[in-house]
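Take a look at the structure below.
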Amino acid sequence: MLANLPYYVAAWLFLCGLYGIVRSRHLVHTVISLTVLQSSTYVLLLAIGFRKGGYAPIFADIAPGVITVDPVVQALMLTDVVVEVTVVALLLAMVVKAFEKGGTTRPDDLRFMRG
Amino acid sequence: MLSPALLVAIPLIAAALLGGLRKLLPRLLTDVLALLTALFNLVLASLWTLHALHRTQVYWFGGWYPRGHMALGIGFVMDVAGCGLATLTAFLATLALLFSFRYTDSGGDHYHPLMLVFLAAMSGFALTGDLFNLFVFFELMSTAAFALCGLKTQEPSPLAGAFNFAVTNTVAAFMMLTGIALLYSTTGALNLAQLGLLLAGRHDRLVLAAFAFLMTGFLVKAATVPFHFWLPDAHAVAPTSVCVLFSGVMVPMGLFGAMRVYATIFQGCFAGTHVSWIFIAFGSLSALWGGIMCFAEHHLKRLLAFSTVSHTGLMLLAFGLWTKTAMAGLLLYLVGHALVKAGLFFCAGILLHRFRSVSEPWLFGKGRALRRTRILWILGGFGLAAAPGFALAIGESYISAGAGWTEWIFLAVGALTGGAVLRAGLRIFFGLGDAGPTDESAKVDEAPETLKESHQINWFLWTPALACIAGSIALTFWPEYTNAVHSAAIRFMDFGSYAHAVYQQFTPASMVRAAAIPGKDWLLAGVHAFLALGLALWAVYRRRIPRALRWPSHIEGPLRPFRALQSGYPGDYVAWLTVGSAALGAAAFWLGH
């Protein structure tokens with residue numbers, strides 16, 4: 001049970017983020033919900049790479065054959081962080097622009113393209 | 001030959017240069033440099049496609065060749081389908097950059113660097129043989145697309161369209177990443193070939209869940225109903241030259257990603273099950289829904305966007321059939337659709353440049369003077385209906401050769417989408433009938449893209465449209481091309497030869513000679529053209545016929561319950577995405593377990 005806890009946390013964060021986006025009526029709130037959704041992928045990736053009693057995968061000062069956690073998922077997670085910071089920055093820049101031009105951060109006031 | 005890594009590296013370097021020096025370089029020089037970069041990609045990708053006809057070569061970055069079964073490095077698999085798609089991307093990018101020559105508003109000089117990043121990401125996406133690398137290129141392509149979509153920041157509506165696009169597609173990307181993580185957790189591999197070998201025959205719950213997550217991610221990009229809501233909003237606000245790349249290659253690229261992953265990883269898992277029926281169901285739904293919404297639309301760019309939903313649905317349907325002829329038809333259809341759709345978007349861009357609007361009722365009768373654009377638009381309408389002599393008709397005859405019932409869906413889609421384009425053409429360019437009904441989205445003012453108003457249509461505005469439409473006709477008279485696509489499709493589906501190429505660096509290819517070409521059914525294609533034109537005329541002259549026979553104008557009319565779904569809230573779109581992914585997952589568990 002306890003070993004599976006990170007997976008439950010990841011699923012919970014995923015659903016929380018989805019719920020937040022679906023119910024959102026404020027653009028900044030939408031973007032923050034997206035980062036909650038994203039953090040579920042961090043938890044999932046780190047949980048997959050975890051080895052009980054494993055060292056950090058820096059091979060300069062540990063003896064060969066010592067158990068380490070999986071370095072590949074950590075690389076994946078770092079890439080994920082970089083990619084998503086870009087997206088969040090872009091989204092927030094759009095919100096700022098929308099506020100400058102339309103004076104609003106509510107999607108209700110920005111729905112020009114209905115139907 | 002030059003390394004395929006340059007297909008990604010050169011556009012990225014050029015983008016960095018143009019981005020860094022954008023305050024110093026004059027506009028003309030920026031245009032020329034961006035065009036030369038796209039042309040370089042076009043030449044190199046074409047050369048690699050020719051090379052791939054003889055053998056599939058794999059390029060390993062940094063010389064990290066596989067050791068035994070472990071493929072730790074990242075490789076570009078230069079097969080015909082991937083290289084061909086990279087060529088198509090470079091071709092359309094070249095034309096799009098030509099179209100935006102000199103006049104188009106470059107959004108504070110961010111346009112050219114973003115276009116080149118977009119080009120680099122799509123080229124990489126088409127070629128990579130690594131699952132995580134596929135995700136990275138997917139995100140790079142998406143991020144460049146979001147920024148390009150919101151380029152016209154002078155007003156809030158492009159921002160709303162770009163925001164919906166970005167939120168929906170980013171959720172999709174996380175689903176994809178979750179799928180990748182699940183596959184990695186059970187195999188410890190990220191290379192597509194290695195994953196396919198390790199997972200062969202397994203269809204337990206973990207594999208099925210990963211399949212559902214990955215496919216949802218790709219199908220959101222491929223704008224499959226009910227994941228498609230972002231697409232019309234994004235197309236309505238993006239600059240025309242960007243729309244060309246969105247509809248022509250980015251959306252089919254989502255489908256291509258799904259196909260690549262299915263052909264390599266999941267083909268062995270689901271052999272003997274009916275999992276591919278999911279694609280048939282989703283594809284048929286998208287084809288019909290997109291067709292109906294397309295005919296009901298009066299904002300030209302949104303009309304074309306819904307037709308993209310419809311035609312990509314047809315391609316998804318062909319993918320679900322999973323036979324060699326259907327796959328050949330899919331690839332032929334993909335290229336034909338990209339050319340015709342790009343040509344139509346260029347024509348819409350000319351209208352926007354000349355009249356500052358893309359609203360069908362507002363443009364009524366105004367286009368009479370644009371003789372060249374008029375011919376190209378009408379030809380494009382027939383092309384979309386898969387009329388005889390267009391590349392789409394050949395693709396269709398391949399797909400329906402093994403599954404006759406799909407012919408009915410092709411007929412409906414051709415009549416609705418081709419009919420909608422012809423209807424708009426008859427009203428705008430010929431002034432037939434009356435201005436017709438309108439709808440809410442057609443009343444939204446489209447921001448002009450070009451810097452100065454001009455009555456002149458320069459050569460660089462109409463030659464791209466001409467090149468696309470002429471290309472879609474010329475391809476049907478080139479049997480070697482059809483043969484090459486056919487052999488590309490066979491190799492694309494053959495996981496054994498793919499894995500052999502990855503582990504042995506290359507596999508020799510054998511060309512297929514035109515043994516299995518189904519008869520091109522010109523009569524049926526003629527029926528398509530006739531139906532589309534009939535529907536268009538019926539809608540245009542609806543006031544002259546008895547009230548009881550006016551049903552096409554009911555399809556053209558409001559369709560309120562359908563349109564209400566296109567609400568403009570990002571939350572609603574993500575809710576539909578959740579519903580769709582749950583349906584996809586449930587179907588996968590039901591059919592694959």
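Residue numbering restarts at 1 in every chain; chains get A, B, ... in the order shown in the structure tokens, and ligands count up from 1 in that same order.
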
ask   = When the cut-off is 9 Å and we count only C-alpha atoms, which residues of chain A are near chain B, given as an NGL selection string?
value = :A and (18-25 or 27 or 30-31 or 34 or 37-38 or 40-41 or 44-45 or 48-49 or 73 or 76 or 79-80 or 83-84 or 86-87 or 90-91 or 94-95 or 97-102 or 107-108 or 110-115)

key: Residues near Val36 of chain A, cut-off 6 Å, only C-alpha atoms, skip fewer than 3 positions along chain, as a VMD selection string   = chain A and resid 17 33 39

request  = Between atom CA of Val80 of chain B and atom CA of Arg55 of chain B, measure the distance and give it in Å to one decimal.
outcome  = 8.9 Å

inquiry  = Could you tell me how far atom CA of Ala489 of chain B sits from atom CA of Val207 of chain B, in Å to one decimal place?
reply    = 25.6 Å

Distance in Å - atom CA of Trp522 of chain B versus atom CA of Phe319 of chain B =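 Here the two named atoms are 23.7 Å from each other.
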
key: Backbone DSSP call of alpha helix (DSSP H) for segment 127-294 of chain B, listed as a PyMOL selection string   = chain B and resi 127+131-149+156-187+192-199+205-221+230-237+240-245+251-261+277-294
